[in-house]
Amino acid sequence: MQHRIVVLGAGYAGAIAAGRLAKRLRREDVAVTLVNAEPDFVERVRMHQLATGQDLRLRPFREMLGGTGVELKLAQVTGVDVERRSVAVTGANGAEELAYDTLVYALGSGWNAQGVPGTAEHAHEIAGRPGALRLRERLARLDAGQPVVVVGGGLTGLEFATELAEARPDLDVALAVRGGLGDWLSPKGRRHLRKVVDGLGITVHEHTAVTEVAADRVATADGTSLPAAVTVWTTGFAVHPISAATALEVTDAGQIVVDATMRSVSHPDVYAVGDAAMAAGPGDKPLRMSCASGTPMAWQAADAIAARLTGGKLPNVPLRYFNQCISLGRREGLIQYVTADDRAVRAALTGRSAAVYKELVCKGAAWAVANPTLGMPTRRRGVVRDAARTDAAVGTTV
């Protein structure tokens, strides 16, 4: 009987985990099912490009995962029962349940309105393709001179604001940030960011907390009202709510608590990767929600599952950061080099070279989905039956 591995969510982390598992394990021993609501891979790191009018290459999973043995199931996940080891989904054939022996939870995250009044009703988001396409349509209808306010000065906010200002110099683009502009960057990084933002004509409101969003303006904590024909909310992400409704141990934010192999600390037949997981990096500092975290988490989880099922050696690769890659339009970029625990160092790459670097990173992230073992030849290993039964029953490391 095949060991059933079900992977929920086909973002960077989920798709890579599914493909890597399929290439590590023999098909006759393991059935790998990848559940996703959309048939195409969404390059989430490019949603700011999609929203500002650029057309992205379609990447059908049937092609990206072709020949791997991964079964793609197009369906919406509606529930997870970790006690019964089953997942409820709704697809073209209606509602059904999928049983699993090992579950990889990678449902990721969406936008976080953070309870600010009016945000859900009036603000736009680019956390996924539907939101980016809605924003794209709205921006296309804006006349010259109309104001757009981007709330949030993190990577998403910076990338969208600069992309929009470059693509639509006729608009009045403003950026509202809680702290200083790029205050987590090195001095060199902050100088370059300021230079690009000023050159694009973006108005920056620093140390500004937005307290309310209306159809035509945003209100700030100091009583200022900023005109906004369109408000774009980029202040962070919230994890998919399904995990919090399970018996899994989760954080207050709903992230599944995992060990160094991405295995749930409460349910050993469940692994979590990407934004859905609370994993510790260097110095026990939580990994941030990002593609830079999700990809190595997927490698770690897939290799750990394969090792436990085949009687192999568990992976012991430390998860760490090397840089933060920020596109600032199509012609400018910023690569901020960081410590292992994600703190900025003095070194930074800027300008056109940084833009090319970031583009290569984006292409490499998509390439990794179709090449989950990094293009290296992989020998599929057979499942040790006793190990598979033990792992599925009580989660003992083998």
# chains A, B, ... in the order shown; residues from 1 in each chain; ligands from 1
call {"tool": "select_by_dssp", "arguments": {"residues": "stretch 81-251 of chain A", "states": "alpha helix (DSSP H)", "output": "VMD selection string"}}
result
chain A and resid 119 to 122 129 to 140 155 to 167 187 to 199
call {"tool": "write_last_selection", "arguments": {"atoms": "N, CA and C atoms", "output": "compact mmCIF listing (two decimals), in the first residue's frame"}}
result
# COMPACT_ATOMS: atom_id res chain seq x y z
N THR A 119 -10.34 49.60 5.97
CA THR A 119 -9.33 48.96 5.12
C THR A 119 -9.94 47.87 4.25
N ALA A 120 -10.70 46.98 4.86
CA ALA A 120 -11.29 45.88 4.10
C ALA A 120 -12.24 46.38 3.02
N GLU A 121 -12.93 47.49 3.29
CA GLU A 121 -13.91 48.01 2.34
C GLU A 121 -13.29 48.83 1.22
N HIS A 122 -12.25 49.57 1.53
CA HIS A 122 -11.76 50.57 0.57
C HIS A 122 -10.34 50.36 0.06
N ARG A 129 -2.84 36.93 -6.74
CA ARG A 129 -3.20 37.33 -8.10
C ARG A 129 -4.57 37.99 -8.20
N PRO A 130 -5.61 37.49 -7.54
CA PRO A 130 -6.91 38.17 -7.66
C PRO A 130 -6.85 39.63 -7.21
N GLY A 131 -6.19 39.90 -6.08
CA GLY A 131 -6.08 41.26 -5.60
C GLY A 131 -5.27 42.14 -6.53
N ALA A 132 -4.18 41.58 -7.06
CA ALA A 132 -3.33 42.34 -7.97
C ALA A 132 -4.08 42.69 -9.25
N LEU A 133 -4.91 41.78 -9.75
CA LEU A 133 -5.67 42.04 -10.96
C LEU A 133 -6.77 43.08 -10.73
N ARG A 134 -7.40 43.03 -9.56
CA ARG A 134 -8.40 44.05 -9.25
C ARG A 134 -7.76 45.43 -9.17
N LEU A 135 -6.60 45.50 -8.55
CA LEU A 135 -5.89 46.77 -8.45
C LEU A 135 -5.45 47.25 -9.83
N ARG A 136 -5.01 46.35 -10.65
CA ARG A 136 -4.59 46.69 -12.01
C ARG A 136 -5.73 47.37 -12.78
N GLU A 137 -6.91 46.79 -12.67
CA GLU A 137 -8.08 47.36 -13.36
C GLU A 137 -8.42 48.74 -12.81
N ARG A 138 -8.32 48.90 -11.50
CA ARG A 138 -8.64 50.19 -10.89
C ARG A 138 -7.63 51.26 -11.31
N LEU A 139 -6.37 50.91 -11.30
CA LEU A 139 -5.34 51.88 -11.68
C LEU A 139 -5.48 52.31 -13.14
N ALA A 140 -5.89 51.38 -13.98
CA ALA A 140 -6.03 51.69 -15.40
C ALA A 140 -7.10 52.75 -15.64
N LEU A 155 9.15 45.58 2.25
CA LEU A 155 9.58 45.25 0.89
C LEU A 155 8.44 45.38 -0.11
N THR A 156 7.25 44.89 0.26
CA THR A 156 6.12 44.93 -0.67
C THR A 156 5.73 46.37 -0.99
N GLY A 157 5.64 47.21 0.04
CA GLY A 157 5.27 48.60 -0.17
C GLY A 157 6.28 49.34 -1.02
N LEU A 158 7.56 49.14 -0.75
CA LEU A 158 8.61 49.81 -1.52
C LEU A 158 8.59 49.36 -2.98
N GLU A 159 8.43 48.07 -3.19
CA GLU A 159 8.45 47.57 -4.56
C GLU A 159 7.24 48.07 -5.35
N PHE A 160 6.07 48.06 -4.71
CA PHE A 160 4.90 48.52 -5.44
C PHE A 160 4.95 50.02 -5.72
N ALA A 161 5.30 50.81 -4.72
CA ALA A 161 5.31 52.27 -4.89
C ALA A 161 6.28 52.69 -5.99
N THR A 162 7.47 52.11 -6.00
CA THR A 162 8.45 52.48 -7.03
C THR A 162 8.05 51.95 -8.40
N GLU A 163 7.48 50.76 -8.44
CA GLU A 163 7.03 50.20 -9.72
C GLU A 163 5.93 51.07 -10.31
N LEU A 164 4.98 51.49 -9.47
CA LEU A 164 3.87 52.31 -9.95
C LEU A 164 4.36 53.68 -10.40
N ALA A 165 5.23 54.31 -9.61
CA ALA A 165 5.72 55.64 -9.95
C ALA A 165 6.50 55.61 -11.27
N GLU A 166 7.21 54.54 -11.52
CA GLU A 166 7.94 54.42 -12.78
C GLU A 166 7.00 54.18 -13.95
N ALA A 167 6.01 53.29 -13.74
CA ALA A 167 5.09 52.94 -14.83
C ALA A 167 4.07 54.04 -15.11
N PRO A 187 23.29 52.27 6.06
CA PRO A 187 23.34 53.65 5.58
C PRO A 187 23.40 53.75 4.06
N LYS A 188 24.20 52.90 3.42
CA LYS A 188 24.28 52.92 1.96
C LYS A 188 22.93 52.57 1.34
N GLY A 189 22.28 51.56 1.92
CA GLY A 189 20.97 51.15 1.40
C GLY A 189 19.94 52.25 1.54
N ARG A 190 19.93 52.91 2.69
CA ARG A 190 18.96 53.99 2.91
C ARG A 190 19.21 55.15 1.96
N ARG A 191 20.47 55.49 1.73
CA ARG A 191 20.78 56.59 0.81
C ARG A 191 20.30 56.28 -0.60
N HIS A 192 20.54 55.06 -1.03
CA HIS A 192 20.12 54.71 -2.39
C HIS A 192 18.61 54.69 -2.50
N LEU A 193 17.95 54.12 -1.50
CA LEU A 193 16.49 54.08 -1.52
C LEU A 193 15.92 55.50 -1.60
N ARG A 194 16.44 56.40 -0.79
CA ARG A 194 15.96 57.78 -0.79
C ARG A 194 16.19 58.42 -2.16
N LYS A 195 17.34 58.17 -2.75
CA LYS A 195 17.66 58.74 -4.06
C LYS A 195 16.65 58.27 -5.11
N VAL A 196 16.34 56.98 -5.12
CA VAL A 196 15.41 56.44 -6.12
C VAL A 196 14.00 56.97 -5.88
N VAL A 197 13.55 56.95 -4.64
CA VAL A 197 12.21 57.42 -4.30
C VAL A 197 12.04 58.89 -4.68
N ASP A 198 13.02 59.70 -4.33
CA ASP A 198 12.95 61.13 -4.69
C ASP A 198 12.98 61.31 -6.20
N GLY A 199 13.79 60.54 -6.88
CA GLY A 199 13.89 60.67 -8.33
C GLY A 199 12.60 60.30 -9.04
call {"tool": "residues_around", "arguments": {"residues": "A:Leu107", "least_positions_apart": "2", "cutoff": "10 Å", "atoms": "only C-alpha atoms", "output": "MDAnalysis selection string"}}
result
chainID A and resid 7:11 13:14 35:36 77 104:105 109:110 239:243 272:277
call {"tool": "closest_residue", "arguments": {"among": "A:Ala88, A:Val317, A:Cys291, A:Ile305", "to": "A:Val369", "atoms": "only C-alpha atoms"}}
result
A:Cys291
call {"tool": "residues_around", "arguments": {"residues": "A:Leu21", "least_positions_apart": "6", "cutoff": "8 Å", "atoms": "only C-alpha atoms", "output": "list in words"}}
result
Val32, Ala302, Asp303, Ile305 and Ala306 of chain A
call {"tool": "residues_around", "arguments": {"residues": "A:Asp342", "least_positions_apart": "4", "cutoff": "8 Å", "atoms": "only C-alpha atoms", "output": "list of chain:residue names"}}
result
A:Arg320, A:Tyr321, A:Phe322, A:Asn323, A:Val338
call {"tool": "residues_around", "arguments": {"residues": "A:Val257", "least_positions_apart": "5", "cutoff": "12 Å", "atoms": "only C-alpha atoms", "output": "number ranges by chain"}}
result
A: 105, 243-244, 247-252, 262-268, 270-280, 286-287
call {"tool": "write_last_selection", "arguments": {"atoms": "C-alpha atoms", "output": "PDB file, in the first residue's frame"}}
result
ATOM      1  CA  TYR A 105       0.673  22.250   5.209  1.00  0.00           C
ATOM      2  CA  SER A 243      -4.596  26.083  10.824  1.00  0.00           C
ATOM      3  CA  ALA A 244      -6.010  27.896  13.847  1.00  0.00           C
ATOM      4  CA  ALA A 247      -5.871  20.747  16.989  1.00  0.00           C
ATOM      5  CA  LEU A 248      -2.345  21.645  15.870  1.00  0.00           C
ATOM      6  CA  GLU A 249      -0.202  23.739  18.172  1.00  0.00           C
ATOM      7  CA  VAL A 250      -0.151  27.212  16.658  1.00  0.00           C
ATOM      8  CA  THR A 251       1.062  30.654  17.656  1.00  0.00           C
ATOM      9  CA  ASP A 252      -1.275  33.524  18.480  1.00  0.00           C
ATOM     10  CA  MET A 262       9.543  21.543   9.836  1.00  0.00           C
ATOM     11  CA  ARG A 263       7.564  18.896  11.693  1.00  0.00           C
ATOM     12  CA  SER A 264       4.648  19.932  13.887  1.00  0.00           C
ATOM     13  CA  VAL A 265       5.597  19.776  17.545  1.00  0.00           C
ATOM     14  CA  SER A 266       2.113  18.487  18.418  1.00  0.00           C
ATOM     15  CA  HIS A 267       1.282  16.186  15.485  1.00  0.00           C
ATOM     16  CA  PRO A 268       4.303  14.343  14.037  1.00  0.00           C
ATOM     17  CA  VAL A 270       2.086  16.986   9.900  1.00  0.00           C
ATOM     18  CA  TYR A 271       4.772  19.266   8.484  1.00  0.00           C
ATOM     19  CA  ALA A 272       4.380  22.976   7.816  1.00  0.00           C
ATOM     20  CA  VAL A 273       6.427  25.177   5.497  1.00  0.00           C
ATOM     21  CA  GLY A 274       6.444  28.753   4.265  1.00  0.00           C
ATOM     22  CA  ASP A 275       4.376  31.507   5.835  1.00  0.00           C
ATOM     23  CA  ALA A 276       2.154  28.937   7.555  1.00  0.00           C
ATOM     24  CA  ALA A 277       4.963  27.770   9.851  1.00  0.00           C
ATOM     25  CA  MET A 278       6.673  29.251  12.876  1.00  0.00           C
ATOM     26  CA  ALA A 279      10.239  28.031  12.531  1.00  0.00           C
ATOM     27  CA  ALA A 280      13.337  29.277  14.301  1.00  0.00           C
ATOM     28  CA  PRO A 286      11.618  33.373  13.997  1.00  0.00           C
ATOM     29  CA  LEU A 287      11.998  33.201  10.240  1.00  0.00           C
TER      30      LEU A 287
END
call {"tool": "closest_residue", "arguments": {"among": "A:Ala348, A:Ile126, A:Leu25, A:Ala31", "to": "A:Arg46", "atoms": "only C-alpha atoms"}}
result
A:Ile126
call {"tool": "select_by_dssp", "arguments": {"residues": "stretch 33-277 of chain A", "states": "strand (DSSP E)", "output": "PDB file with C-alpha atoms, in the first residue's frame"}}
result
ATOM      1  CA  THR A  33      -0.943  14.786  -4.070  1.00  0.00           C
ATOM      2  CA  LEU A  34      -0.644  18.561  -4.397  1.00  0.00           C
ATOM      3  CA  VAL A  35      -3.852  20.468  -3.656  1.00  0.00           C
ATOM      4  CA  ASN A  36      -4.226  23.958  -5.065  1.00  0.00           C
ATOM      5  CA  GLU A  71      -0.839  14.389  -8.756  1.00  0.00           C
ATOM      6  CA  LEU A  72      -2.299  17.897  -8.985  1.00  0.00           C
ATOM      7  CA  LYS A  73      -5.761  18.257  -7.483  1.00  0.00           C
ATOM      8  CA  LEU A  74      -7.499  21.526  -8.287  1.00  0.00           C
ATOM      9  CA  ALA A  75      -9.623  22.258  -5.251  1.00  0.00           C
ATOM     10  CA  GLN A  76     -10.161  24.662  -2.384  1.00  0.00           C
ATOM     11  CA  VAL A  77      -9.145  23.416   1.059  1.00  0.00           C
ATOM     12  CA  THR A  78     -12.068  23.888   3.434  1.00  0.00           C
ATOM     13  CA  GLY A  79     -10.892  22.017   6.510  1.00  0.00           C
ATOM     14  CA  VAL A  80      -8.217  19.841   8.080  1.00  0.00           C
ATOM     15  CA  ASP A  81      -8.911  17.114  10.644  1.00  0.00           C
ATOM     16  CA  SER A  86      -8.116  13.875   6.496  1.00  0.00           C
ATOM     17  CA  VAL A  87      -8.512  17.062   4.494  1.00  0.00           C
ATOM     18  CA  ALA A  88     -11.824  18.467   3.278  1.00  0.00           C
ATOM     19  CA  VAL A  89     -11.726  20.047  -0.183  1.00  0.00           C
ATOM     20  CA  THR A  90     -14.165  21.426  -2.712  1.00  0.00           C
ATOM     21  CA  GLY A  91     -13.432  21.170  -6.402  1.00  0.00           C
ATOM     22  CA  GLY A  94     -17.989  18.963  -5.316  1.00  0.00           C
ATOM     23  CA  ALA A  95     -16.954  18.318  -1.734  1.00  0.00           C
ATOM     24  CA  GLU A  96     -14.741  15.379  -0.838  1.00  0.00           C
ATOM     25  CA  GLU A  97     -12.189  14.202   1.706  1.00  0.00           C
ATOM     26  CA  LEU A  98      -8.577  13.259   1.154  1.00  0.00           C
ATOM     27  CA  ALA A  99      -6.946  10.847   3.578  1.00  0.00           C
ATOM     28  CA  THR A 102       1.792  12.538   5.994  1.00  0.00           C
ATOM     29  CA  LEU A 103       0.502  16.074   5.529  1.00  0.00           C
ATOM     30  CA  VAL A 104       2.543  19.061   4.344  1.00  0.00           C
ATOM     31  CA  TYR A 105       0.673  22.250   5.209  1.00  0.00           C
ATOM     32  CA  SER A 109      -0.783  33.815   3.919  1.00  0.00           C
ATOM     33  CA  GLY A 110      -2.925  36.647   2.633  1.00  0.00           C
ATOM     34  CA  TRP A 111      -3.117  40.341   3.292  1.00  0.00           C
ATOM     35  CA  ALA A 123      -8.124  49.447   0.328  1.00  0.00           C
ATOM     36  CA  HIS A 124      -6.532  47.241  -2.323  1.00  0.00           C
ATOM     37  CA  PRO A 147      -3.402  60.432  -5.816  1.00  0.00           C
ATOM     38  CA  VAL A 148      -2.430  56.890  -4.841  1.00  0.00           C
ATOM     39  CA  VAL A 149      -1.388  56.191  -1.240  1.00  0.00           C
ATOM     40  CA  VAL A 150       0.670  53.083  -0.486  1.00  0.00           C
ATOM     41  CA  VAL A 151       0.492  52.155   3.198  1.00  0.00           C
ATOM     42  CA  ASP A 172       0.652  61.378  -7.560  1.00  0.00           C
ATOM     43  CA  VAL A 173       2.170  58.475  -5.596  1.00  0.00           C
ATOM     44  CA  ALA A 174       2.641  58.734  -1.822  1.00  0.00           C
ATOM     45  CA  LEU A 175       4.098  56.254   0.658  1.00  0.00           C
ATOM     46  CA  ALA A 176       3.035  56.200   4.334  1.00  0.00           C
ATOM     47  CA  THR A 203       6.018  61.692  -1.525  1.00  0.00           C
ATOM     48  CA  VAL A 204       7.086  59.902   1.663  1.00  0.00           C
ATOM     49  CA  HIS A 205       5.184  60.370   4.927  1.00  0.00           C
ATOM     50  CA  VAL A 210      -2.766  55.198   9.209  1.00  0.00           C
ATOM     51  CA  THR A 211      -5.809  54.899  11.462  1.00  0.00           C
ATOM     52  CA  GLU A 212      -8.661  54.839   8.952  1.00  0.00           C
ATOM     53  CA  VAL A 213      -9.216  54.302   5.240  1.00  0.00           C
ATOM     54  CA  ARG A 217      -8.578  59.497   1.658  1.00  0.00           C
ATOM     55  CA  VAL A 218      -6.685  57.986   4.570  1.00  0.00           C
ATOM     56  CA  ALA A 219      -6.555  59.408   8.078  1.00  0.00           C
ATOM     57  CA  THR A 220      -3.402  59.314  10.206  1.00  0.00           C
ATOM     58  CA  SER A 225      -5.917  63.499   6.021  1.00  0.00           C
ATOM     59  CA  LEU A 226      -4.135  62.260   2.896  1.00  0.00           C
ATOM     60  CA  PRO A 227      -6.149  62.303  -0.357  1.00  0.00           C
ATOM     61  CA  VAL A 230      -6.694  54.491  -4.499  1.00  0.00           C
ATOM     62  CA  THR A 231      -5.219  53.136  -1.271  1.00  0.00           C
ATOM     63  CA  VAL A 232      -2.905  50.112  -1.431  1.00  0.00           C
ATOM     64  CA  TRP A 233      -2.419  48.255   1.864  1.00  0.00           C
ATOM     65  CA  PHE A 237       0.559  39.267   5.952  1.00  0.00           C
ATOM     66  CA  ALA A 238      -1.879  37.094   7.904  1.00  0.00           C
ATOM     67  CA  VAL A 239      -1.715  33.295   7.741  1.00  0.00           C
ATOM     68  CA  ILE A 256       1.975  26.086  13.040  1.00  0.00           C
ATOM     69  CA  VAL A 257       4.822  25.557  15.509  1.00  0.00           C
ATOM     70  CA  VAL A 270       2.086  16.986   9.900  1.00  0.00           C
ATOM     71  CA  TYR A 271       4.772  19.266   8.484  1.00  0.00           C
ATOM     72  CA  ALA A 272       4.380  22.976   7.816  1.00  0.00           C
ATOM     73  CA  ALA A 277       4.963  27.770   9.851  1.00  0.00           C
TER      74      ALA A 277
END
call {"tool": "closest_residue", "arguments": {"among": "A:Ala307, A:Leu185, A:Ala209, A:Met297", "to": "A:Val383", "atoms": "only C-alpha atoms"}}
result
A:Ala307
call {"tool": "residues_around", "arguments": {"residues": "A:Glu43", "least_positions_apart": "2", "cutoff": "9 Å", "atoms": "only C-alpha atoms", "output": "list in words"}}
result
Gly11, Tyr12, Phe41, Val45, Arg46, Met47, Leu56, Arg59, Gly128, Arg129, Cys362, Ala365 and Ala366 of chain A
call {"tool": "closest_residue", "arguments": {"among": "A:Pro372, A:Lys23, A:Leu65, A:Asp269", "to": "A:Arg4", "atoms": "only C-alpha atoms"}}
result
A:Asp269
call {"tool": "closest_residue", "arguments": {"among": "A:Thr235, A:Gln324, A:Thr246, A:Thr68", "to": "A:Ser290", "atoms": "only C-alpha atoms"}}
result
A:Gln324
call {"tool": "closest_residue", "arguments": {"among": "A:Glu38, A:Leu200, A:Arg44, A:Arg343", "to": "A:Pro60", "atoms": "only C-alpha atoms"}}
result
A:Glu38
